[in-house]
Every structure is written in structure tokens, then in C-alpha cells.
Amino acid sequence: MKKLLIGAALAALIGAGLSAQMTIESAGAATFEMKAHTTVGVDLNNGASGMETAIDQMQIWFEIFPYATRGIPEKESDVPVASIRAEGSKYAFKWFSKQENAPGQGTTYDEFASSFEFDRIVAELLWKEWWFRVAGTEPSMYVDSASLQSIFDDVIKESQYSLVPISMLPVSQNLLEVGDAEIPMSGMLSAGGDLGFLDFSLKAGSKGTWKTNEDQAWIFGGDANLKPLEGLTLSLRGLGAVNYDETAPGTNPLSWGVGADYLVYLSDKVALKPFAGFDGKYETVSEEFTWEAGGGVFLYWRGPEFKVTDEFIHQWNKEFPVGLSLSGNLDQDGYANVVFSLYEQAGKESLVPNLGGFAEIEAINLSAVNAQDSALAAAAKVEYVVAKKFVPYAFGKYVQGYKSGKLTDVDSLTTMLGLEINPVKRFTIDLRYERTDLLGNETDLDNGTLTSTFKMKL
């Protein structure tokens with residue numbers, strides 16, 4: 001007990017962490033950023049107390065070519081014109097250093113890299129509303145109309161940068177997906193038009209080149225998006241492969257998908273977006289038919305374009321919308337998943353003034369089919385801003401143990417109670433109690449840890 005009291009006193013009085021971040025922008029072309037921390041804490045299980053120091057990040061980012069579309073841009077013309085362009089491209093050099101602590105020593109990793117980023121590259125012939133595409137980086141030929149969707153989709157893709165990973169279970173966003181992995185192509189040509197209320201394309205590709213495609217493996221497809229009303233989009237996709245089974249036995253699919261989404265504004269900011277989709281695939285070799293149906297709804301109370309960042313969810317400031325989403329998908333075997341997501345930014349503009357936080361609930365294989373178990377996971381954080389200086393918060397995450405389709409009967413429960421204090425601008429003190437308990441056949445109750453973090457952003 002004496003050790004615990006001494007450790008707790010040290011954590012509270014000495015402090016627990018120090019971090020600093022400084023960004024210097026030079027004409028929008030250069031950025032310098034640095035983060036560091038020292039943590040002092042106590043483990044209430046064994047009374048151990050100590051400190052950790054690390055230079056978390058130091059980077060210099062030179063943006064040589066700012067974000068823009070380069071090349072010959074897309075434009076309407078009464079005569080055919082050739083357009084080859086990189087949309088949203090930028091070029092930069094980046095130097096990055098990170099120190100990770102091991103007991104009694106620190107290890108620094110340095111990296112210098114050049115970066116060329118772009119939204120897409122397109123080479124096409126344009127004439128009025130029509131186009132003929134020679135090449136492009138967009139998804140080539142695929143069917144994917146029925147998918148789980150969430151306001152956290154972009155965050156889930158980079159869960160390695162999250163302090164608390166949003167995706168907790170092996171949730172399949174697509175129970176059925178037909179694309180490049182199953183029907184690879186060495187080349188493709190496409191043509192289509194954009195009539196405003198309707199855009200469409202027709203595509204053709206081959207498995208190999210004229211030197212390697214001896215089996216005459218070809219694939220044909222098309223897609224269309226119809227907008228009969230403002231905010232309403234109806235989509236149709238389809239593809240069919242010929243002779244693919246010669247080079248990839250058992251794979252010669254005929255696939256199609258239909259989808260719809262409708263963005264409805266209930267006020268100037270509040271918007272509702274229901275969506276639904278269906279994908280089907282018929283294997284002409286095995287004569288097997290598989291399908292997936294999915295749907296859900298988004299609700300945005302600050303508008304669909306309003307996005308925020310949260311270091312608790314994503315350390316690299318990935319943006320995501322404020323709102324909630326509910327989505328589910330189901331396949332021909334009755335395998336079903338459901339995901340509920342919610343985020344609100346605490347402040348004066350919150351639905352309940354100054355109240356914010358997030359929630360994520362995931363359920364997989366609800367009917368426990370295919371000789372596999374169903375599983376559930378949930379996480380939530382609630383925070384409240386008091387007098388613009390204090391933010392008490394509570395966090396909880398429960399995950400059922402799940403491996404290879406079976407419950408492990410060892411569940412985890414993580415809880416946090418904390419208080420953020422903002423005495424002056426750009427300076428925060430974070431006091432936190434945290435524990436992770438194991439429940440089930442191997443119950444292991446955690447006494448937890450006490451930490452205190454000083455954060456500074458310059």
C-alpha cells in the first residue's frame with residue numbers, strides 16, 4: 001500500500017507527460033512539426049512507478065508543387081480534344097524522425113522520402129458530353145453496390161494510427177465483391193458520356209497482352225448513374241468474363257449490382273442519407289449463385305461536408321464527418337453484420353451544448369451461420385466542456401474474444417476516467433485513470449494505472 005501511495009503521489013505532483021507541436025508554414029510550401037512527451041505514472045497492480053521520455057515525431061515537409069490539377073484539364077468543346085491530366089496532384093519531400101523507448105534506452109528511426117500524391121490520373125478524348133478513355137487510375141471494372149458504410153470509414157482504413165482502434169472485430173464490409181483481385185486485367189478501354197442527370201460507361205479488357213492471352217480471356221462491363229431528382233442517385237453495374245476459367249480455374253463470373261442513395265436536407269444543416277444496394281454473382285463454371293444485400297442511413301446535423309479531427313481516434317488528424325450512421329449487410333447464407341457509429345464534437349454548436357463524444361457498436365454473423373459464432377463489440381466516449389477550461393470524460397470499450405470464427409470466452413473491458421484542463425491557450429493537462437479487465441473463463445481484474453499528461457501545441 002505504501003508503494004502505491006508513493007507512486008500515485010509522484011504521478012499527480014510531478015506530472016505525467018509533456019508534448020509539444022510546432023508548425024511553421026512558409027508561403028504554404030513548407031511545414032515543420034515536432035512532438036515529444038515525458039510520462040510519469042504508477043501501476044496500481046504492483047506499485048511500480050516511473051517515467052518515459054521520447055521524441056515522438058519531428059518532420060519537415062516541403063511541398064514543391066502545391067495541390068492542383070496539372071496537364072490538359074477537362075473542358076467542353078465542340079471539337080474533339082485530348083486531355084491527359086493528374087487531378088489534385090502535389091509533389092513534396094519529407095524528412096521524418098521518430099524515437100521509440102525500450103527499457104533504459106531510446107531508439108530513433110529516420111526516414112527521408114519523396115512523395116507524389118494525386119486523386120486520379122486520366123488520359124481521354126473529349127467531345128461535348130462524350131469521352132473515350134485511353135487510361136486511368138480509377139477502379140477499372142468491379143461490382144460493389146452493397147457494402148457496410150460508416151462515418152468512420154476513412155479512419156478504419158488507417159486504424160494503425162488510432163489510440164483506440166474503431167474497428168474492433170473482423171467485420172466484412174463486403175460479403176461479396178468482384179474486382180481486380182478475382183478478374184485481373186492487363187489493359188482496358190472505356191467510353192461513355194455525362195449528360196448531367198445520367199452518366200454511363202462501357203468497358204472492355206483482357207486478362208493478358210497480345211503475347212500472353214492465348215486463352216482469349218476477355219471481360220466486358222459497364223456502369224450507369226441516374227439522378228432523376230436532386231440528391232437521389234440510382235446506380236447500376238455489371239460485368240461478364242469470357243474464358244477466364246482457362247487461366248483461373250473456377251472463375252468465370254457474370255456479376256451485377258444495383259444501388260441507391262438519397263441525400264435529403266431536413267433543414268439548412270440537418271441532412272438524412274438512406275442508402276441500399278444489391279450485388280449478385282453467377283459463376284458460369286460451377287453454376288453457383290451468390291449475393292449480398294446491404295443498406296443503412298447517415299444522419300448529419302452539421303451538414304454532410306462538415307468534418308473534424310480527433311487525436312483520440314486518429315493521431316494524424318484524419319477528418320471524418322459529425323453525425324451518425326447505421327448499416328448492415330447480408331449474404332445468401334444468412335451471414336449478417338451490423339455497425340452503428342456516432343460522433344459529436346463538444347462545444348457550443350453540439351446538439352446538447354458542450355456535450356460530445358463518439359460511439360461504435362459492431363455485431364458480426366448475427367445468425368451464427370456457417371458453423372461460426374456471432375460476436376459483439378462496443379466502444380464509447382463521453383466528454384463535457386465546463387467553463388471552456390475543463391473537459392471531464394469517460395471511455396469504455398467491450399470486445400468479445402473472437403478468433404477464427406469462434407468465441408474464445410475471454411472478453412476484454414477497457415475503461416478510462418479523465419479530466420482535461422486547459423489553463424491557457426495551446427496548453428492542456430490530462431489526468432487519467434485507465435484499466436483493462438479480462439472477463440470470462442480467464443477472469444483477470446486490473447487495478448489500473450494513474451497518469452497525468454502535459455500537452456503543448458505551439
# chains A, B, ... in the order shown; residues from 1 in each chain; ligands from 1
$ residues_around --residues "stretch 282-297 of chain A" --least-positions-apart "5" --cutoff "7 Å" --atoms "only C-alpha atoms" --output "PyMOL selection string"
chain A and resi 146-148+175-176+250-255+273-277+325-332
$ write_last_selection --atoms "C-alpha atoms" --output "PDB file, in the first residue's frame"
ATOM      1  CA  ALA A 146     -23.887  -3.458 -51.294  1.00  0.00           C
ATOM      2  CA  SER A 147     -21.421  -2.532 -48.547  1.00  0.00           C
ATOM      3  CA  LEU A 148     -21.307  -1.627 -44.898  1.00  0.00           C
ATOM      4  CA  LEU A 175     -19.509 -10.113 -48.194  1.00  0.00           C
ATOM      5  CA  LEU A 176     -19.434 -10.270 -51.997  1.00  0.00           C
ATOM      6  CA  GLY A 250     -13.474 -21.963 -61.443  1.00  0.00           C
ATOM      7  CA  THR A 251     -13.537 -18.224 -62.118  1.00  0.00           C
ATOM      8  CA  ASN A 252     -15.690 -17.033 -64.993  1.00  0.00           C
ATOM      9  CA  PRO A 253     -18.195 -14.715 -63.318  1.00  0.00           C
ATOM     10  CA  LEU A 254     -21.270 -12.930 -64.534  1.00  0.00           C
ATOM     11  CA  SER A 255     -21.954 -10.227 -61.963  1.00  0.00           C
ATOM     12  CA  LYS A 273     -28.958   9.975 -46.398  1.00  0.00           C
ATOM     13  CA  PRO A 274     -30.501   6.489 -46.658  1.00  0.00           C
ATOM     14  CA  PHE A 275     -28.765   4.015 -48.974  1.00  0.00           C
ATOM     15  CA  ALA A 276     -29.316   0.460 -50.209  1.00  0.00           C
ATOM     16  CA  GLY A 277     -27.665  -1.946 -52.613  1.00  0.00           C
ATOM     17  CA  SER A 325     -24.593   6.002 -39.314  1.00  0.00           C
ATOM     18  CA  LEU A 326     -26.349   2.640 -39.112  1.00  0.00           C
ATOM     19  CA  SER A 327     -25.518  -0.003 -41.688  1.00  0.00           C
ATOM     20  CA  GLY A 328     -25.936  -3.726 -42.276  1.00  0.00           C
ATOM     21  CA  ASN A 329     -25.265  -6.398 -44.893  1.00  0.00           C
ATOM     22  CA  LEU A 330     -26.500  -9.945 -45.509  1.00  0.00           C
ATOM     23  CA  ASP A 331     -25.481 -12.751 -47.875  1.00  0.00           C
ATOM     24  CA  GLN A 332     -27.198 -15.838 -49.322  1.00  0.00           C
TER      25      GLN A 332
END
$ residues_around --residues "A:Trp131" --least-positions-apart "3" --cutoff "7 Å" --atoms "only C-alpha atoms" --output "mmCIF file with C-alpha atoms, in the first residue's frame"
data_model
loop_
_atom_site.group_PDB
_atom_site.id
_atom_site.type_symbol
_atom_site.label_atom_id
_atom_site.label_comp_id
_atom_site.auth_asym_id
_atom_site.auth_seq_id
_atom_site.Cartn_x
_atom_site.Cartn_y
_atom_site.Cartn_z
ATOM 1 C CA GLU A 124 -9.045 10.611 -72.559
ATOM 2 C CA LEU A 125 -10.532 12.061 -75.718
ATOM 3 C CA LEU A 126 -13.350 14.535 -75.052
ATOM 4 C CA TRP A 127 -16.140 15.840 -77.280
ATOM 5 C CA ALA A 191 -16.120 5.075 -73.363
ATOM 6 C CA GLY A 192 -19.131 6.910 -72.042
ATOM 7 C CA GLY A 193 -20.957 10.147 -71.522
#
$ residues_around --residues "A:Glu344" --least-positions-apart "4" --cutoff "7 Å" --atoms "only C-alpha atoms" --output "list in words"
Val322, Gly323, Ser350, Gly356, Gly357 and Phe358 of chain A
$ atom_distance --atom1 "atom CA of A:Phe132" --atom2 "atom CA of A:Ala82"
9.5 Å
$ atom_distance --atom1 "atom CA of A:Ile313" --atom2 "atom CA of A:Val155"
7.7 Å
$ atom_distance --atom1 "atom CA of A:Ser150" --atom2 "atom CA of A:Ser341"
6.3 Å
$ residues_around --residues "stretch 201-209 of chain A" --least-positions-apart "6" --cutoff "8 Å" --atoms "only C-alpha atoms" --output "list in words"
Met141, Ile183, Pro184, Met185, Ser186, Gly187, Met188, Leu189, Ser190, Ala191, Gly192, Gly193, Gln216, Ala217, Trp218, Ile219, Phe220, Gly221, Gly222, Asp223, Ala224 and Tyr244 of chain A
$ select_by_dssp --residues "stretch 165-368 of chain A" --states "strand (DSSP E)" --output "ChimeraX atom specification"
/A:187-194,198-206,218-226,232-242,253-262,264-265,271-283,288-300,307-308,320-321,323-331,336-344,355-364
$ closest_residue --among "A:Asn45, A:Phe62, A:Val338, A:Ile84" --to "A:Leu366" --atoms "only C-alpha atoms"
A:Val338
